[in-house]
Amino acid sequence: MSLSSIRPEEAPALRMAEPPSSRGARKRFDPLTTVAVVFFLLAVGFASIPAWNAGPATLAGLLLLIGLAGVACLGLFVVRGTAEPASEADPGAEKLIEALSEPAAIAAPDGRVQAANAAWKALLGSTPRLPKNGSSAASLFAALGAARRGETGKASIKTNGAEHEATVSPLGARRFLVRLMGQGGSLALPSAAMEVLTAFSTAGTPPPKVLDAFAAASPFGAALIEGEDPFDAKIIEANAALRAVAHGGETGQAFGELIDAASRADAAQKLAAGHSPLEVRLAHDPTRVAHLYLSKSDGRWVAYLVDVSEQKQIELQLAQSQKMQAIGQLAGGVAHDFNNLLTAIFMQLDVLASRHPVGDPSYEGLNEIRQTSTRAADLVRKLLAFSRKQTVQREILDLGELISEFEVLLRRVLYEDVKLTTDYGRNLPQVRADRGQLETAVMNLAVNARDAVRAQGGGTVRIRTARVSQEQAQAMGYPTAQGDQALIEVSDDGPGIAPEIMEKIFEPFFTTKPVGEGTGLGLATVYGIVKQSDGWISIDSKPGEGAAFRIFLPVHIPSSVVQPAPQPVAPKRPAARDLSGAGRILFVEDEDAVRSVAAKLLRARGYEVMEAASGEEALELAETHAGEIDLMISDVVMPGMQGPDLLKQARQYLGAAPVMFISGYAESEFSDLLEGETNVSFLPKPIDIKTLAERVKQELQKAA
């Protein structure tokens with residue numbers, strides 16, 4: 001067969017490989033090698049005679065025998081390598097080099113020539129090996145080393161007084177093609193060989209006929225489809241996973257029928273723009289999301305469909321959680337600053353009230369301002385609850401008793417056209433939470449349900465409590481539940497919640513009620529209370545089928561440690577009626593409006609007050625008046641030195657004097673910074689002068 005007889009379409013099947021032994025590779029008998037082996041073995045045998053005479057039990061004899069055995073093995077290994085027969089050249093390879101016009105030969109790794117064309121023999125003779133002497137040999141064997149690594153090596157061969165550039169390239173296993181440069185320093189191939197190489201380089205991979213074993217057995221959907229447009233292409237074969245994911249995939253079905261129509265149009269545009277993977281929604285259930293990977297080969301496509309619905313749900317939950325956290329931080333910051341303003345307003349009202357008592361024409365106006373400020377303070381408390389920065393007092397609560405006691409108040413809140421039903425499950429657990437906060441959360445949910453059912457002329461609000469297992473909680477909307485959970489469910493048979501607003505209902509100030517009928521903080525407060533109680537809240541609602549809000553709280557497991565007998569508790573100290581007193585107070589507050597008014601009112605009640613606008617200034621005053629300060633009142637969050645840091649540095653000057661922190665944030669935000677401190681109390685803002693004066697007198701009386 002000549003190169004000119006090879007058709008271009010057959011070129012992809014052409015492969016050069018070392019001929020196997022089944023094709024007639026024969027071992028040649030070399031008499032010189034055989035004689036050498038015989039004499040070598042005789043020499044080893046004669047050398048071992050003295051060792052045997054001395055006896056192998058002696059150390060010298062034993063070492064000599066071991067050395068001779070090693071020499072014998074090494075010698076046989078060398079002889080075997082040099083006597084390895086050269087495999088005969090493939091007839092196809094011989095035809096290839098005969099077709100080359102330049103001198104060419106096929107060589108073995110050790111430099112033996114297996115085949116050569118007439119031009120090679122005319123230039124170098126019929127020598128069985130490549131040149132072995134001089135710089136030509138070094139250059140040529142370096143090129144053979146490069147060819148062993150799969151590269152094309154270059155060398156210089158000197159013969160008959162002239163140097164020839166040569167290239168060495170791999171040709172199958174343990175065979176190399178050596179070609180000498182023609183005139184002009186370039187290699188030329190005959191036209192037939194050029195046709196073969198051109199066809200081989202331009203031939204593409206044939207289109208797949210069936211799915212490969214990996215795709216057929218893969219856990220994600222895979223299909224082989226035929227057609228120019230993958231969404232109009234017909235399915236030739238599909239694996240079982242595709243049928244499970246897309247609920248289709250029969251042979252002959254259009255692949256696009258498995259994808260939702262709107263999603264299919266969007267995916268077609270992204271495919272034309274070169275995007276991959278394509279995010280699509282499945283036709284049988286548009287809520288299911290999948291990633292589509294497409295690979296084309298000559299009119300056929302291999303499509304991979306991976307269901308990522310759970311992954312997308314987790315991503316949405318994470319994004320929503322981060323969004324709510326950011327809103328909570330903003331709300332907490334606003335509430336803190338607003339509490340400072342309300343504190344200043346309340347204290348100024350106290351000053352004005354002393355000048356305009358009951359009966360004064362201005363009294364009614366001042367009273368209206370106080371009531372409005374109180375409503376504003378309630379809004380701030382809700383913001384703090386949403387941001388999880390409200391002061392909490394946790395206690396062990398029985399879930400059934402909590403709701404049954406609270407049910408009486410709930411019935412008063414609901415109107416006559418709204419029916420309230422309760423369902424108490426068996427084996428109700430205990431929870432550890434703030435009673436007031438939990439009642440507020442249930443109240444807000446009940447009021448929200450009441451307004452929903454009244455919008456359609458009345459209905460039923462249902463409150464259910466139960467103990468649910470981890471699996472039940474996960475099925476009811478708590479994906480990360482661990483262990484048993486306490487469930488409080490508030491549901492209604494109202495119009496339900498529209499899907500487009502489902503993700504917004506916990507945001508502060510978002511409401512669907514008319515202007516003036518809601519603040520938009522009810523559900524936001526519930527969200528913050530549940531999160532601050534280490535719980536979870538989920539919603540189950542469809543338009544026209546009502547809504548169900550489910551609060552999950554961790555079940556409290558009582559400690560098995562025997563608790564000591566309860567000690568008699570002293571009755572709470574009654575509020576001081578006489579708000580006057582005596583003592584030196586260090587008042588630290590960065591807000592001028594709060595500090596100046598509070599200090600003025602405390603002085604009016606007999607106290608000596610030293611004012612400081614920062615922690616650094618307060619530390620200097622404490623050092624100057626060491627041992628003379630009876631009480632320090634300090635804000636928590638201030639520019640520069642914070643309140644807890646101030647206490648740690650000023651304690652050496654304060655001695656055992658009590659310290660009272662005031663802040664718009666929750667006590668839990670900084671309580672861990674006061675570990676080991678004694679005589680420390682907390683008063684949340686906003687505060688009025690009556691509350692402040694009562695607490696000041698109580699703290700000084702306890703320290704006396």
# chains A, B, ... in the order shown; residues from 1 in each chain; ligands from 1
>>> select_by_dssp(residues="stretch 348-460 of chain A", states="strand (DSSP E)", output="number ranges by chain")
A: 394-398, 418-424, 430-434, 459-460
>>> closest_atom_pairs(of="stretch 465-507 of chain A", to="stretch 406-430 of chain A", cutoff="6 Å", atoms="only C-alpha atoms", output="JSON lines")
{"residue": "A:Thr465", "atom": "CA", "partner": "A:Tyr424", "partner_atom": "CA", "distance": 5.1}
{"residue": "A:Ala466", "atom": "CA", "partner": "A:Gly425", "partner_atom": "CA", "distance": 4.6}
{"residue": "A:Arg467", "atom": "CA", "partner": "A:Leu428", "partner_atom": "CA", "distance": 5.6}
>>> residues_around(residues="A:Asp285", least_positions_apart="6", cutoff="12 Å", atoms="only C-alpha atoms", output="list in words")
Val245, Ala246, His247, Leu258, Ile259, Asp260, Ala261, Ser263, Asp307 and Ser309 of chain A
>>> write_last_selection(atoms="all heavy atoms", output="PDB file, in the first residue's frame")
ATOM      1  N   VAL A 245     -35.843  13.534  37.006  1.00  0.00           N
ATOM      2  CA  VAL A 245     -35.740  14.981  37.250  1.00  0.00           C
ATOM      3  C   VAL A 245     -36.783  15.753  36.449  1.00  0.00           C
ATOM      4  O   VAL A 245     -37.471  16.628  36.983  1.00  0.00           O
ATOM      5  CB  VAL A 245     -34.317  15.475  36.900  1.00  0.00           C
ATOM      6  CG1 VAL A 245     -34.261  17.000  36.928  1.00  0.00           C
ATOM      7  CG2 VAL A 245     -33.299  14.899  37.864  1.00  0.00           C
ATOM      8  N   ALA A 246     -36.895  15.439  35.162  1.00  0.00           N
ATOM      9  CA  ALA A 246     -37.740  16.243  34.269  1.00  0.00           C
ATOM     10  C   ALA A 246     -39.098  15.627  34.004  1.00  0.00           C
ATOM     11  O   ALA A 246     -39.920  16.231  33.306  1.00  0.00           O
ATOM     12  CB  ALA A 246     -37.010  16.458  32.945  1.00  0.00           C
ATOM     13  N   HIS A 247     -39.351  14.409  34.541  1.00  0.00           N
ATOM     14  CA  HIS A 247     -40.622  13.725  34.296  1.00  0.00           C
ATOM     15  C   HIS A 247     -40.886  13.581  32.794  1.00  0.00           C
ATOM     16  O   HIS A 247     -41.988  13.847  32.309  1.00  0.00           O
ATOM     17  CB  HIS A 247     -41.778  14.456  34.970  1.00  0.00           C
ATOM     18  CG  HIS A 247     -41.739  14.357  36.463  1.00  0.00           C
ATOM     19  ND1 HIS A 247     -42.835  14.549  37.263  1.00  0.00           N
ATOM     20  CD2 HIS A 247     -40.725  14.092  37.326  1.00  0.00           C
ATOM     21  CE1 HIS A 247     -42.503  14.412  38.538  1.00  0.00           C
ATOM     22  NE2 HIS A 247     -41.218  14.137  38.593  1.00  0.00           N
ATOM     23  N   LEU A 258     -39.313  19.578  27.937  1.00  0.00           N
ATOM     24  CA  LEU A 258     -39.016  19.320  29.341  1.00  0.00           C
ATOM     25  C   LEU A 258     -38.798  20.609  30.124  1.00  0.00           C
ATOM     26  O   LEU A 258     -38.712  20.579  31.350  1.00  0.00           O
ATOM     27  CB  LEU A 258     -37.762  18.447  29.462  1.00  0.00           C
ATOM     28  CG  LEU A 258     -37.762  17.118  28.702  1.00  0.00           C
ATOM     29  CD1 LEU A 258     -36.438  16.407  28.900  1.00  0.00           C
ATOM     30  CD2 LEU A 258     -38.926  16.241  29.163  1.00  0.00           C
ATOM     31  N   ILE A 259     -38.702  21.753  29.433  1.00  0.00           N
ATOM     32  CA  ILE A 259     -38.359  23.031  30.059  1.00  0.00           C
ATOM     33  C   ILE A 259     -39.539  23.985  29.942  1.00  0.00           C
ATOM     34  O   ILE A 259     -40.231  24.024  28.912  1.00  0.00           O
ATOM     35  CB  ILE A 259     -37.105  23.630  29.386  1.00  0.00           C
ATOM     36  CG1 ILE A 259     -35.936  22.640  29.519  1.00  0.00           C
ATOM     37  CG2 ILE A 259     -36.732  24.959  29.998  1.00  0.00           C
ATOM     38  CD1 ILE A 259     -34.722  23.047  28.741  1.00  0.00           C
ATOM     39  N   ASP A 260     -39.774  24.750  30.990  1.00  0.00           N
ATOM     40  CA  ASP A 260     -40.857  25.733  30.998  1.00  0.00           C
ATOM     41  C   ASP A 260     -40.687  26.710  29.838  1.00  0.00           C
ATOM     42  O   ASP A 260     -39.568  27.110  29.492  1.00  0.00           O
ATOM     43  CB  ASP A 260     -40.848  26.484  32.335  1.00  0.00           C
ATOM     44  CG  ASP A 260     -41.945  27.514  32.428  1.00  0.00           C
ATOM     45  OD1 ASP A 260     -43.120  27.134  32.432  1.00  0.00           O
ATOM     46  OD2 ASP A 260     -41.605  28.705  32.495  1.00  0.00           O
ATOM     47  N   ALA A 261     -41.809  27.105  29.214  1.00  0.00           N
ATOM     48  CA  ALA A 261     -41.759  27.900  27.983  1.00  0.00           C
ATOM     49  C   ALA A 261     -41.030  29.226  28.187  1.00  0.00           C
ATOM     50  O   ALA A 261     -40.161  29.601  27.391  1.00  0.00           O
ATOM     51  CB  ALA A 261     -43.181  28.144  27.472  1.00  0.00           C
ATOM     52  N   SER A 263     -38.910  30.044  30.524  1.00  0.00           N
ATOM     53  CA  SER A 263     -37.509  29.765  30.827  1.00  0.00           C
ATOM     54  C   SER A 263     -36.761  29.308  29.587  1.00  0.00           C
ATOM     55  O   SER A 263     -35.584  29.613  29.408  1.00  0.00           O
ATOM     56  CB  SER A 263     -37.428  28.701  31.923  1.00  0.00           C
ATOM     57  OG  SER A 263     -36.088  28.376  32.203  1.00  0.00           O
ATOM     58  N   ASP A 307     -30.535  19.158  38.769  1.00  0.00           N
ATOM     59  CA  ASP A 307     -31.535  19.807  39.618  1.00  0.00           C
ATOM     60  C   ASP A 307     -30.833  20.532  40.768  1.00  0.00           C
ATOM     61  O   ASP A 307     -30.148  19.913  41.583  1.00  0.00           O
ATOM     62  CB  ASP A 307     -32.504  18.762  40.164  1.00  0.00           C
ATOM     63  CG  ASP A 307     -33.725  19.399  40.834  1.00  0.00           C
ATOM     64  OD1 ASP A 307     -33.657  20.590  41.171  1.00  0.00           O
ATOM     65  OD2 ASP A 307     -34.744  18.708  41.014  1.00  0.00           O
ATOM     66  N   SER A 309     -32.610  22.860  42.761  1.00  0.00           N
ATOM     67  CA  SER A 309     -33.697  23.556  43.460  1.00  0.00           C
ATOM     68  C   SER A 309     -33.360  23.781  44.926  1.00  0.00           C
ATOM     69  O   SER A 309     -33.551  24.884  45.462  1.00  0.00           O
ATOM     70  CB  SER A 309     -34.995  22.747  43.329  1.00  0.00           C
ATOM     71  OG  SER A 309     -35.338  22.563  41.975  1.00  0.00           O
TER      72      SER A 309
END
>>> residues_around(residues="A:Ile497", least_positions_apart="4", cutoff="7 Å", atoms="only C-alpha atoms", output="list in words")
Met502, Ser541, Lys542, Pro543 and Ala547 of chain A
>>> residues_around(residues="A:Arg174", least_positions_apart="3", cutoff="8 Å", atoms="only C-alpha atoms", output="list in words")
Glu18, Ala108, Pro109, Arg148, Pro170 and Leu171 of chain A
>>> write_last_selection(atoms="all heavy atoms", output="PDB file, in the first residue's frame")
ATOM      1  N   GLU A  18       4.027   0.048  17.321  1.00  0.00           N
ATOM      2  CA  GLU A  18       5.033  -1.008  17.268  1.00  0.00           C
ATOM      3  C   GLU A  18       4.360  -2.329  16.968  1.00  0.00           C
ATOM      4  O   GLU A  18       3.355  -2.678  17.582  1.00  0.00           O
ATOM      5  CB  GLU A  18       5.749  -1.091  18.617  1.00  0.00           C
ATOM      6  CG  GLU A  18       6.850  -2.134  18.612  1.00  0.00           C
ATOM      7  CD  GLU A  18       7.600  -2.134  19.927  1.00  0.00           C
ATOM      8  OE1 GLU A  18       7.405  -1.194  20.649  1.00  0.00           O
ATOM      9  OE2 GLU A  18       8.353  -3.053  20.190  1.00  0.00           O
ATOM     10  N   ALA A 108      15.764   2.472  16.790  1.00  0.00           N
ATOM     11  CA  ALA A 108      15.368   2.030  18.119  1.00  0.00           C
ATOM     12  C   ALA A 108      15.949   2.980  19.155  1.00  0.00           C
ATOM     13  O   ALA A 108      16.814   3.805  18.843  1.00  0.00           O
ATOM     14  CB  ALA A 108      15.848   0.609  18.354  1.00  0.00           C
ATOM     15  N   PRO A 109      15.516   2.881  20.434  1.00  0.00           N
ATOM     16  CA  PRO A 109      16.040   3.797  21.458  1.00  0.00           C
ATOM     17  C   PRO A 109      17.550   3.701  21.656  1.00  0.00           C
ATOM     18  O   PRO A 109      18.168   4.682  22.073  1.00  0.00           O
ATOM     19  CB  PRO A 109      15.286   3.375  22.726  1.00  0.00           C
ATOM     20  CG  PRO A 109      14.037   2.743  22.239  1.00  0.00           C
ATOM     21  CD  PRO A 109      14.390   2.069  20.968  1.00  0.00           C
ATOM     22  N   ARG A 148      11.975  10.693  23.254  1.00  0.00           N
ATOM     23  CA  ARG A 148      11.369   9.801  24.254  1.00  0.00           C
ATOM     24  C   ARG A 148      10.339  10.546  25.109  1.00  0.00           C
ATOM     25  O   ARG A 148       9.392   9.944  25.615  1.00  0.00           O
ATOM     26  CB  ARG A 148      12.459   9.212  25.156  1.00  0.00           C
ATOM     27  CG  ARG A 148      13.340   8.170  24.480  1.00  0.00           C
ATOM     28  CD  ARG A 148      14.181   7.428  25.521  1.00  0.00           C
ATOM     29  NE  ARG A 148      15.172   6.575  24.912  1.00  0.00           N
ATOM     30  CZ  ARG A 148      16.440   6.921  24.693  1.00  0.00           C
ATOM     31  NH1 ARG A 148      16.862   8.128  25.060  1.00  0.00           N
ATOM     32  NH2 ARG A 148      17.283   6.082  24.126  1.00  0.00           N
ATOM     33  N   PRO A 170       9.024  10.968  17.670  1.00  0.00           N
ATOM     34  CA  PRO A 170       8.511   9.648  18.080  1.00  0.00           C
ATOM     35  C   PRO A 170       7.604   9.061  17.011  1.00  0.00           C
ATOM     36  O   PRO A 170       6.847   9.772  16.345  1.00  0.00           O
ATOM     37  CB  PRO A 170       7.747   9.964  19.367  1.00  0.00           C
ATOM     38  CG  PRO A 170       7.411  11.395  19.293  1.00  0.00           C
ATOM     39  CD  PRO A 170       8.502  12.059  18.523  1.00  0.00           C
ATOM     40  N   LEU A 171       7.670   7.743  16.878  1.00  0.00           N
ATOM     41  CA  LEU A 171       6.872   7.026  15.889  1.00  0.00           C
ATOM     42  C   LEU A 171       6.408   5.739  16.540  1.00  0.00           C
ATOM     43  O   LEU A 171       7.042   4.693  16.401  1.00  0.00           O
ATOM     44  CB  LEU A 171       7.705   6.734  14.635  1.00  0.00           C
ATOM     45  CG  LEU A 171       6.945   6.161  13.433  1.00  0.00           C
ATOM     46  CD1 LEU A 171       5.983   7.189  12.871  1.00  0.00           C
ATOM     47  CD2 LEU A 171       7.917   5.703  12.356  1.00  0.00           C
TER      48      LEU A 171
END
>>> select_by_dssp(residues="stretch 218-289 of chain A", states="alpha helix (DSSP H)", output="JSON, numbers by chain")
{"A": [240, 241, 242, 243, 244, 245, 246, 261, 262, 263, 264, 265, 266, 267, 268, 269, 270, 271, 272]}
>>> residues_around(residues="A:Glu589", least_positions_apart="2", cutoff="12 Å", atoms="only C-alpha atoms", output="JSON, numbers by chain")
{"A": [340, 343, 344, 586, 587, 591, 592, 593, 594, 595, 596, 597, 598, 599, 610, 611, 612, 613, 614, 615, 616, 617, 618, 632, 633, 634, 635, 636, 637, 638, 639, 641, 642, 643, 661, 662, 663]}
>>> atom_distance(atom1="atom CA of A:Ala118", atom2="atom CA of A:Ala104")
8.6 Å
>>> residues_around(residues="A:Ala146", least_positions_apart="3", cutoff="12 Å", atoms="only C-alpha atoms", output="list in words")
Pro109, Ser139, Leu140, Phe141, Ala142, Ala143, Arg149, Gly150, Glu151, Thr152, Gly153, Lys154, Ala155, Thr167, Val168, Ser169, Pro170 and Phe176 of chain A
>>> write_last_selection(atoms="all heavy atoms", output="compact mmCIF listing (two decimals), in the first residue's frame")
# COMPACT_ATOMS: atom_id res chain seq x y z
N PRO A 109 15.52 2.88 20.43
CA PRO A 109 16.04 3.80 21.46
C PRO A 109 17.55 3.70 21.66
O PRO A 109 18.17 4.68 22.07
CB PRO A 109 15.29 3.38 22.73
CG PRO A 109 14.04 2.74 22.24
CD PRO A 109 14.39 2.07 20.97
N SER A 139 25.10 14.72 19.91
CA SER A 139 23.96 15.53 19.49
C SER A 139 22.77 14.65 19.14
O SER A 139 21.63 14.93 19.49
CB SER A 139 24.36 16.40 18.29
OG SER A 139 23.25 17.09 17.80
N LEU A 140 23.02 13.51 18.45
CA LEU A 140 21.95 12.64 18.00
C LEU A 140 21.26 11.95 19.17
O LEU A 140 20.03 11.86 19.22
CB LEU A 140 22.50 11.61 17.00
CG LEU A 140 21.46 10.78 16.26
CD1 LEU A 140 20.48 11.68 15.52
CD2 LEU A 140 22.16 9.83 15.28
N PHE A 141 22.03 11.46 20.14
CA PHE A 141 21.42 10.77 21.27
C PHE A 141 20.70 11.75 22.21
O PHE A 141 19.76 11.38 22.90
CB PHE A 141 22.47 9.96 22.01
CG PHE A 141 22.74 8.62 21.36
CD1 PHE A 141 23.71 8.48 20.39
CD2 PHE A 141 21.96 7.52 21.68
CE1 PHE A 141 23.94 7.26 19.78
CE2 PHE A 141 22.18 6.29 21.07
CZ PHE A 141 23.18 6.15 20.11
N ALA A 142 21.12 13.01 22.23
CA ALA A 142 20.36 14.02 22.97
C ALA A 142 19.00 14.24 22.32
O ALA A 142 17.98 14.41 22.99
CB ALA A 142 21.14 15.32 23.03
N ALA A 143 18.99 14.23 20.97
CA ALA A 143 17.72 14.36 20.25
C ALA A 143 16.82 13.16 20.50
O ALA A 143 15.59 13.28 20.60
CB ALA A 143 17.98 14.54 18.75
N ARG A 149 10.54 11.85 25.29
CA ARG A 149 9.60 12.65 26.08
C ARG A 149 8.44 13.15 25.25
O ARG A 149 7.63 13.94 25.72
CB ARG A 149 10.33 13.85 26.70
CG ARG A 149 11.46 13.47 27.64
CD ARG A 149 11.98 14.68 28.42
NE ARG A 149 12.56 15.69 27.53
CZ ARG A 149 13.84 15.73 27.18
NH1 ARG A 149 14.68 14.78 27.63
NH2 ARG A 149 14.31 16.68 26.39
N GLY A 150 8.34 12.69 23.99
CA GLY A 150 7.24 13.10 23.13
C GLY A 150 7.50 14.38 22.37
O GLY A 150 6.59 14.90 21.72
N GLU A 151 8.74 14.91 22.44
CA GLU A 151 9.06 16.14 21.73
C GLU A 151 9.79 15.81 20.42
O GLU A 151 10.14 14.66 20.15
CB GLU A 151 9.93 17.03 22.62
CG GLU A 151 9.32 17.33 23.97
CD GLU A 151 10.31 18.01 24.90
OE1 GLU A 151 11.48 18.19 24.47
OE2 GLU A 151 9.93 18.35 26.04
N THR A 152 10.00 16.82 19.61
CA THR A 152 10.78 16.66 18.38
C THR A 152 12.19 17.18 18.63
O THR A 152 12.38 18.37 18.92
CB THR A 152 10.14 17.42 17.21
OG1 THR A 152 8.83 16.88 16.98
CG2 THR A 152 10.97 17.27 15.94
N GLY A 153 13.17 16.27 18.57
CA GLY A 153 14.55 16.65 18.82
C GLY A 153 15.29 17.02 17.54
O GLY A 153 14.92 16.59 16.44
N LYS A 154 16.29 17.84 17.70
CA LYS A 154 17.11 18.25 16.56
C LYS A 154 18.58 17.90 16.84
O LYS A 154 19.03 18.00 17.98
CB LYS A 154 16.96 19.74 16.29
CG LYS A 154 15.56 20.12 15.80
CD LYS A 154 15.49 21.59 15.41
CE LYS A 154 14.11 21.93 14.88
NZ LYS A 154 14.03 23.36 14.45
N ALA A 155 19.31 17.47 15.77
CA ALA A 155 20.71 17.05 15.92
C ALA A 155 21.48 17.41 14.66
O ALA A 155 20.91 17.83 13.64
CB ALA A 155 20.78 15.55 16.19
N THR A 167 16.17 15.83 12.23
CA THR A 167 15.09 15.90 13.23
C THR A 167 14.75 14.48 13.65
O THR A 167 14.74 13.56 12.82
CB THR A 167 13.83 16.58 12.66
OG1 THR A 167 13.35 15.83 11.55
CG2 THR A 167 14.13 18.00 12.22
N VAL A 168 14.46 14.31 14.95
CA VAL A 168 14.09 13.01 15.50
C VAL A 168 12.72 13.17 16.17
O VAL A 168 12.56 14.01 17.06
CB VAL A 168 15.13 12.51 16.52
CG1 VAL A 168 14.74 11.13 17.03
CG2 VAL A 168 16.52 12.49 15.91
N SER A 169 11.73 12.38 15.73
CA SER A 169 10.37 12.47 16.27
C SER A 169 9.88 11.08 16.64
O SER A 169 10.28 10.09 16.04
CB SER A 169 9.43 13.12 15.25
OG SER A 169 9.49 12.43 14.01
N PRO A 170 9.02 10.97 17.67
CA PRO A 170 8.51 9.65 18.08
C PRO A 170 7.60 9.06 17.01
O PRO A 170 6.85 9.77 16.34
CB PRO A 170 7.75 9.96 19.37
CG PRO A 170 7.41 11.39 19.29
CD PRO A 170 8.50 12.06 18.52
N PHE A 176 11.60 5.65 16.53
CA PHE A 176 11.78 7.06 16.24
C PHE A 176 12.10 7.24 14.77
O PHE A 176 12.80 6.43 14.15
CB PHE A 176 12.92 7.64 17.10
CG PHE A 176 12.72 7.39 18.57
CD1 PHE A 176 13.34 6.32 19.20
CD2 PHE A 176 11.90 8.21 19.32
CE1 PHE A 176 13.16 6.08 20.54
CE2 PHE A 176 11.72 7.98 20.67
CZ PHE A 176 12.33 6.91 21.28
>>> closest_residue(among="A:Phe549, A:Phe510, A:Phe231, A:Phe220", to="A:Ala446", atoms="only C-alpha atoms")
A:Phe549
